[in-house]
Amino acid sequence: HHSPTTTRTPLAITTHPGFRTMISNNESALARINRNDPTLTELTLEFPFGGVEELGSGAPPLCQCFPSNAGEWEALGRGIGRNTHLKVVDIDLTAWIGDENMHASLIESFCQGLSHNRSLQRFALKFCDFDLFEKGILQQLTPFLERNRHLRVLDFCYSPIEYRGTQLLSSTLDRRKNKSLEKIVLSGTAMEADDEGEPAS
């Protein structure tokens, strides 16, 4: 049995609540997103400390990997931006090691495409190693935050946001015509939510 490489991380896909799977080598997550696959409702991108071995012996075969360059991030963002079935996008960059400016550039290009999405109910961008305002991430997300009428949870846990960023976030959310937003997670940022879990005003 050939041991899988641990240098890159699989793209985890949740096709329906409670059932997480990995796309097989001959499938493409991006293709499923681009064709608006109705069974693909949740997308999780994470870079575990232990690599793929943490998935355990019962894990499915290795498959599509964590985006590794600007082209892959940009294409994924554009695909999500056009998709109407995705409900959850959860990005955890805890163990993403590398240059801060490069990371910020990749995420900015991703968010530029994602900003056109109107179906997401939960969006999480956690454990970034750069300020979301300083690097232009919040600015790219402004159309998404203003116009997505289904968004219920916004999670920026341990992703730095300076004071000007919290001002932009507050004014952006105030312009929302729909009050669907129920929870904002800003723990570890310059301004933590005082009433985490309370409905947004």
# chains A, B, ... in the order shown; residues from 1 in each chain; ligands from 1
call {"tool": "select_by_dssp", "arguments": {"residues": "stretch 26-169 of chain A", "states": "alpha helix (DSSP H)", "output": "PyMOL selection string"}}
result
chain A and resi 29-34+70-82+100-114+137-147+163-169
call {"tool": "residues_around", "arguments": {"residues": "A:Arg175", "least_positions_apart": "6", "cutoff": "12 Å", "atoms": "only C-alpha atoms", "output": "list in words"}}
result
Thr142, Pro143, Phe144, Leu145, Glu146, Arg147, Asn148, Arg149, Leu168, Leu169 and Ser201 of chain A
call {"tool": "write_last_selection", "arguments": {"atoms": "all heavy atoms", "output": "tab-separated table (two decimals), in the first residue's frame"}}
result
chain	number	residue	atom	x	y	z
A	142	THR	N	-17.34	43.54	0.54
A	142	THR	CA	-18.43	44.48	0.77
A	142	THR	C	-19.69	44.16	-0.04
A	142	THR	O	-20.80	44.13	0.53
A	142	THR	CB	-17.98	45.93	0.50
A	142	THR	OG1	-16.98	46.28	1.46
A	142	THR	CG2	-19.13	46.90	0.61
A	143	PRO	N	-19.62	43.91	-1.36
A	143	PRO	CA	-20.85	43.58	-2.11
A	143	PRO	C	-21.54	42.33	-1.57
A	143	PRO	O	-22.78	42.27	-1.52
A	143	PRO	CB	-20.34	43.36	-3.54
A	143	PRO	CG	-19.04	44.09	-3.61
A	143	PRO	CD	-18.43	43.94	-2.25
A	144	PHE	N	-20.76	41.33	-1.18
A	144	PHE	CA	-21.31	40.09	-0.64
A	144	PHE	C	-22.05	40.37	0.67
A	144	PHE	O	-23.18	39.90	0.88
A	144	PHE	CB	-20.18	39.10	-0.42
A	144	PHE	CG	-20.54	37.89	0.41
A	144	PHE	CD1	-21.37	36.91	-0.10
A	144	PHE	CD2	-20.04	37.73	1.69
A	144	PHE	CE1	-21.70	35.79	0.65
A	144	PHE	CE2	-20.36	36.62	2.45
A	144	PHE	CZ	-21.20	35.65	1.93
A	145	LEU	N	-21.43	41.14	1.54
A	145	LEU	CA	-22.03	41.41	2.85
A	145	LEU	C	-23.26	42.30	2.74
A	145	LEU	O	-24.21	42.17	3.53
A	145	LEU	CB	-21.00	42.07	3.77
A	145	LEU	CG	-19.77	41.22	4.11
A	145	LEU	CD1	-18.79	42.01	4.96
A	145	LEU	CD2	-20.16	39.93	4.81
A	146	GLU	N	-23.28	43.18	1.77
A	146	GLU	CA	-24.42	44.08	1.59
A	146	GLU	C	-25.62	43.39	0.94
A	146	GLU	O	-26.76	43.67	1.31
A	146	GLU	CB	-24.02	45.28	0.72
A	146	GLU	CG	-23.20	46.33	1.42
A	146	GLU	CD	-22.95	47.53	0.51
A	146	GLU	OE1	-23.26	47.45	-0.70
A	146	GLU	OE2	-22.44	48.55	1.02
A	147	ARG	N	-25.35	42.51	-0.02
A	147	ARG	CA	-26.44	42.05	-0.90
A	147	ARG	C	-26.87	40.61	-0.70
A	147	ARG	O	-27.91	40.21	-1.25
A	147	ARG	CB	-26.01	42.26	-2.36
A	147	ARG	CG	-25.71	43.70	-2.69
A	147	ARG	CD	-25.03	43.85	-4.03
A	147	ARG	NE	-24.51	45.20	-4.21
A	147	ARG	CZ	-23.65	45.54	-5.16
A	147	ARG	NH1	-23.22	44.63	-6.02
A	147	ARG	NH2	-23.22	46.78	-5.25
A	148	ASN	N	-26.09	39.83	0.04
A	148	ASN	CA	-26.51	38.44	0.27
A	148	ASN	C	-27.62	38.43	1.32
A	148	ASN	O	-27.37	38.70	2.50
A	148	ASN	CB	-25.32	37.60	0.74
A	148	ASN	CG	-25.68	36.13	0.89
A	148	ASN	OD1	-26.76	35.79	1.35
A	148	ASN	ND2	-24.78	35.27	0.49
A	149	ARG	N	-28.81	38.09	0.91
A	149	ARG	CA	-29.97	38.17	1.80
A	149	ARG	C	-30.14	36.91	2.65
A	149	ARG	O	-31.06	36.85	3.48
A	149	ARG	CB	-31.24	38.42	0.98
A	149	ARG	CG	-31.21	39.73	0.22
A	149	ARG	CD	-32.54	40.04	-0.44
A	149	ARG	NE	-32.54	41.34	-1.07
A	149	ARG	CZ	-33.60	41.91	-1.61
A	149	ARG	NH1	-34.76	41.25	-1.61
A	149	ARG	NH2	-33.53	43.09	-2.17
A	168	LEU	N	-15.67	49.87	8.90
A	168	LEU	CA	-16.17	49.51	7.57
A	168	LEU	C	-17.16	48.37	7.67
A	168	LEU	O	-18.22	48.39	7.02
A	168	LEU	CB	-15.00	49.10	6.67
A	168	LEU	CG	-15.37	48.54	5.29
A	168	LEU	CD1	-16.10	49.59	4.46
A	168	LEU	CD2	-14.12	48.04	4.56
A	169	LEU	N	-16.86	47.37	8.47
A	169	LEU	CA	-17.75	46.23	8.63
A	169	LEU	C	-19.09	46.67	9.20
A	169	LEU	O	-20.15	46.25	8.72
A	169	LEU	CB	-17.09	45.19	9.55
A	169	LEU	CG	-17.84	43.88	9.79
A	169	LEU	CD1	-18.08	43.15	8.47
A	169	LEU	CD2	-17.06	42.99	10.74
A	201	SER	N	-28.22	43.88	14.90
A	201	SER	CA	-29.24	44.92	14.84
A	201	SER	C	-29.24	45.56	13.46
A	201	SER	O	-28.30	45.43	12.71
A	201	SER	CB	-28.95	45.97	15.91
A	201	SER	OG	-27.68	46.55	15.70
call {"tool": "select_by_dssp", "arguments": {"residues": "stretch 121-164 of chain A", "states": "strand (DSSP E)", "output": "list in words"}}
result
Arg122, Phe123, Ala124, Leu125, Lys126, Val153, Leu154 and Asp155 of chain A
call {"tool": "residues_around", "arguments": {"residues": "A:Gly81", "least_positions_apart": "3", "cutoff": "9 Å", "atoms": "only C-alpha atoms", "output": "PyMOL selection string"}}
result
chain A and resi 76-78+84+111-118
call {"tool": "write_last_selection", "arguments": {"atoms": "all heavy atoms", "output": "PDB file, in the first residue's frame"}}
result
ATOM      1  N   LEU A  76     -11.548  29.315  -7.921  1.00  0.00           N
ATOM      2  CA  LEU A  76     -12.474  28.825  -6.902  1.00  0.00           C
ATOM      3  C   LEU A  76     -13.403  29.937  -6.445  1.00  0.00           C
ATOM      4  O   LEU A  76     -14.612  29.728  -6.287  1.00  0.00           O
ATOM      5  CB  LEU A  76     -11.682  28.264  -5.717  1.00  0.00           C
ATOM      6  CG  LEU A  76     -12.501  27.631  -4.589  1.00  0.00           C
ATOM      7  CD1 LEU A  76     -13.321  26.451  -5.118  1.00  0.00           C
ATOM      8  CD2 LEU A  76     -11.579  27.166  -3.467  1.00  0.00           C
ATOM      9  N   GLY A  77     -12.866  31.135  -6.242  1.00  0.00           N
ATOM     10  CA  GLY A  77     -13.703  32.266  -5.838  1.00  0.00           C
ATOM     11  C   GLY A  77     -14.758  32.603  -6.883  1.00  0.00           C
ATOM     12  O   GLY A  77     -15.925  32.829  -6.557  1.00  0.00           O
ATOM     13  N   ARG A  78     -14.350  32.616  -8.161  1.00  0.00           N
ATOM     14  CA  ARG A  78     -15.309  32.902  -9.233  1.00  0.00           C
ATOM     15  C   ARG A  78     -16.404  31.842  -9.287  1.00  0.00           C
ATOM     16  O   ARG A  78     -17.579  32.154  -9.489  1.00  0.00           O
ATOM     17  CB  ARG A  78     -14.595  32.972 -10.579  1.00  0.00           C
ATOM     18  CG  ARG A  78     -13.780  34.229 -10.815  1.00  0.00           C
ATOM     19  CD  ARG A  78     -13.509  34.447 -12.309  1.00  0.00           C
ATOM     20  NE  ARG A  78     -12.942  33.244 -12.924  1.00  0.00           N
ATOM     21  CZ  ARG A  78     -11.647  33.012 -13.069  1.00  0.00           C
ATOM     22  NH1 ARG A  78     -10.767  33.892 -12.622  1.00  0.00           N
ATOM     23  NH2 ARG A  78     -11.214  31.909 -13.651  1.00  0.00           N
ATOM     24  N   THR A  84     -25.287  28.775  -6.809  1.00  0.00           N
ATOM     25  CA  THR A  84     -26.516  29.123  -6.084  1.00  0.00           C
ATOM     26  C   THR A  84     -26.959  28.057  -5.086  1.00  0.00           C
ATOM     27  O   THR A  84     -27.997  28.214  -4.443  1.00  0.00           O
ATOM     28  CB  THR A  84     -27.673  29.365  -7.081  1.00  0.00           C
ATOM     29  OG1 THR A  84     -27.907  28.175  -7.845  1.00  0.00           O
ATOM     30  CG2 THR A  84     -27.362  30.526  -8.013  1.00  0.00           C
ATOM     31  N   CYS A 111     -11.711  36.257  -2.628  1.00  0.00           N
ATOM     32  CA  CYS A 111     -12.880  36.982  -2.129  1.00  0.00           C
ATOM     33  C   CYS A 111     -13.491  37.884  -3.189  1.00  0.00           C
ATOM     34  O   CYS A 111     -14.695  38.145  -3.165  1.00  0.00           O
ATOM     35  CB  CYS A 111     -12.509  37.797  -0.893  1.00  0.00           C
ATOM     36  SG  CYS A 111     -12.195  36.792   0.580  1.00  0.00           S
ATOM     37  N   GLN A 112     -12.687  38.345  -4.132  1.00  0.00           N
ATOM     38  CA  GLN A 112     -13.208  39.162  -5.221  1.00  0.00           C
ATOM     39  C   GLN A 112     -14.243  38.387  -6.023  1.00  0.00           C
ATOM     40  O   GLN A 112     -15.289  38.930  -6.400  1.00  0.00           O
ATOM     41  CB  GLN A 112     -12.070  39.621  -6.130  1.00  0.00           C
ATOM     42  CG  GLN A 112     -12.520  40.573  -7.234  1.00  0.00           C
ATOM     43  CD  GLN A 112     -11.351  41.087  -8.057  1.00  0.00           C
ATOM     44  OE1 GLN A 112     -10.225  40.645  -7.907  1.00  0.00           O
ATOM     45  NE2 GLN A 112     -11.621  42.038  -8.924  1.00  0.00           N
ATOM     46  N   GLY A 113     -13.986  37.116  -6.272  1.00  0.00           N
ATOM     47  CA  GLY A 113     -14.953  36.287  -6.982  1.00  0.00           C
ATOM     48  C   GLY A 113     -16.124  35.888  -6.105  1.00  0.00           C
ATOM     49  O   GLY A 113     -17.283  35.959  -6.512  1.00  0.00           O
ATOM     50  N   LEU A 114     -15.819  35.471  -4.866  1.00  0.00           N
ATOM     51  CA  LEU A 114     -16.862  35.031  -3.946  1.00  0.00           C
ATOM     52  C   LEU A 114     -17.863  36.138  -3.648  1.00  0.00           C
ATOM     53  O   LEU A 114     -19.029  35.859  -3.339  1.00  0.00           O
ATOM     54  CB  LEU A 114     -16.212  34.535  -2.651  1.00  0.00           C
ATOM     55  CG  LEU A 114     -17.140  34.093  -1.524  1.00  0.00           C
ATOM     56  CD1 LEU A 114     -16.598  32.843  -0.840  1.00  0.00           C
ATOM     57  CD2 LEU A 114     -17.339  35.203  -0.495  1.00  0.00           C
ATOM     58  N   SER A 115     -17.445  37.388  -3.757  1.00  0.00           N
ATOM     59  CA  SER A 115     -18.312  38.515  -3.386  1.00  0.00           C
ATOM     60  C   SER A 115     -19.609  38.559  -4.180  1.00  0.00           C
ATOM     61  O   SER A 115     -20.570  39.208  -3.767  1.00  0.00           O
ATOM     62  CB  SER A 115     -17.558  39.840  -3.558  1.00  0.00           C
ATOM     63  OG  SER A 115     -17.301  40.099  -4.921  1.00  0.00           O
ATOM     64  N   HIS A 116     -19.680  37.855  -5.320  1.00  0.00           N
ATOM     65  CA  HIS A 116     -20.894  37.849  -6.139  1.00  0.00           C
ATOM     66  C   HIS A 116     -21.904  36.800  -5.676  1.00  0.00           C
ATOM     67  O   HIS A 116     -23.025  36.763  -6.189  1.00  0.00           O
ATOM     68  CB  HIS A 116     -20.530  37.601  -7.600  1.00  0.00           C
ATOM     69  CG  HIS A 116     -19.646  38.661  -8.183  1.00  0.00           C
ATOM     70  ND1 HIS A 116     -20.095  39.913  -8.540  1.00  0.00           N
ATOM     71  CD2 HIS A 116     -18.311  38.667  -8.446  1.00  0.00           C
ATOM     72  CE1 HIS A 116     -19.102  40.632  -9.019  1.00  0.00           C
ATOM     73  NE2 HIS A 116     -18.004  39.903  -8.974  1.00  0.00           N
ATOM     74  N   ASN A 117     -21.527  35.965  -4.730  1.00  0.00           N
ATOM     75  CA  ASN A 117     -22.423  34.899  -4.269  1.00  0.00           C
ATOM     76  C   ASN A 117     -23.604  35.475  -3.490  1.00  0.00           C
ATOM     77  O   ASN A 117     -23.446  36.405  -2.708  1.00  0.00           O
ATOM     78  CB  ASN A 117     -21.662  33.906  -3.394  1.00  0.00           C
ATOM     79  CG  ASN A 117     -22.555  32.797  -2.886  1.00  0.00           C
ATOM     80  OD1 ASN A 117     -23.255  32.959  -1.900  1.00  0.00           O
ATOM     81  ND2 ASN A 117     -22.525  31.661  -3.566  1.00  0.00           N
ATOM     82  N   ARG A 118     -24.787  34.874  -3.690  1.00  0.00           N
ATOM     83  CA  ARG A 118     -25.981  35.329  -2.973  1.00  0.00           C
ATOM     84  C   ARG A 118     -26.688  34.181  -2.252  1.00  0.00           C
ATOM     85  O   ARG A 118     -27.798  34.363  -1.761  1.00  0.00           O
ATOM     86  CB  ARG A 118     -26.964  35.982  -3.961  1.00  0.00           C
ATOM     87  CG  ARG A 118     -26.398  37.194  -4.700  1.00  0.00           C
ATOM     88  CD  ARG A 118     -26.139  38.363  -3.759  1.00  0.00           C
ATOM     89  NE  ARG A 118     -25.577  39.506  -4.470  1.00  0.00           N
ATOM     90  CZ  ARG A 118     -24.270  39.770  -4.546  1.00  0.00           C
ATOM     91  NH1 ARG A 118     -23.397  38.967  -3.958  1.00  0.00           N
ATOM     92  NH2 ARG A 118     -23.838  40.826  -5.200  1.00  0.00           N
TER      93      ARG A 118
END
call {"tool": "closest_residue", "arguments": {"among": "A:Leu40, A:Leu120, A:Ala29, A:Cys128", "to": "A:Ile91", "atoms": "only C-alpha atoms"}}
result
A:Cys128
call {"tool": "closest_residue", "arguments": {"among": "A:Leu186, A:Leu151, A:Leu86, A:Leu106", "to": "A:Pro38", "atoms": "only C-alpha atoms"}}
result
A:Leu86
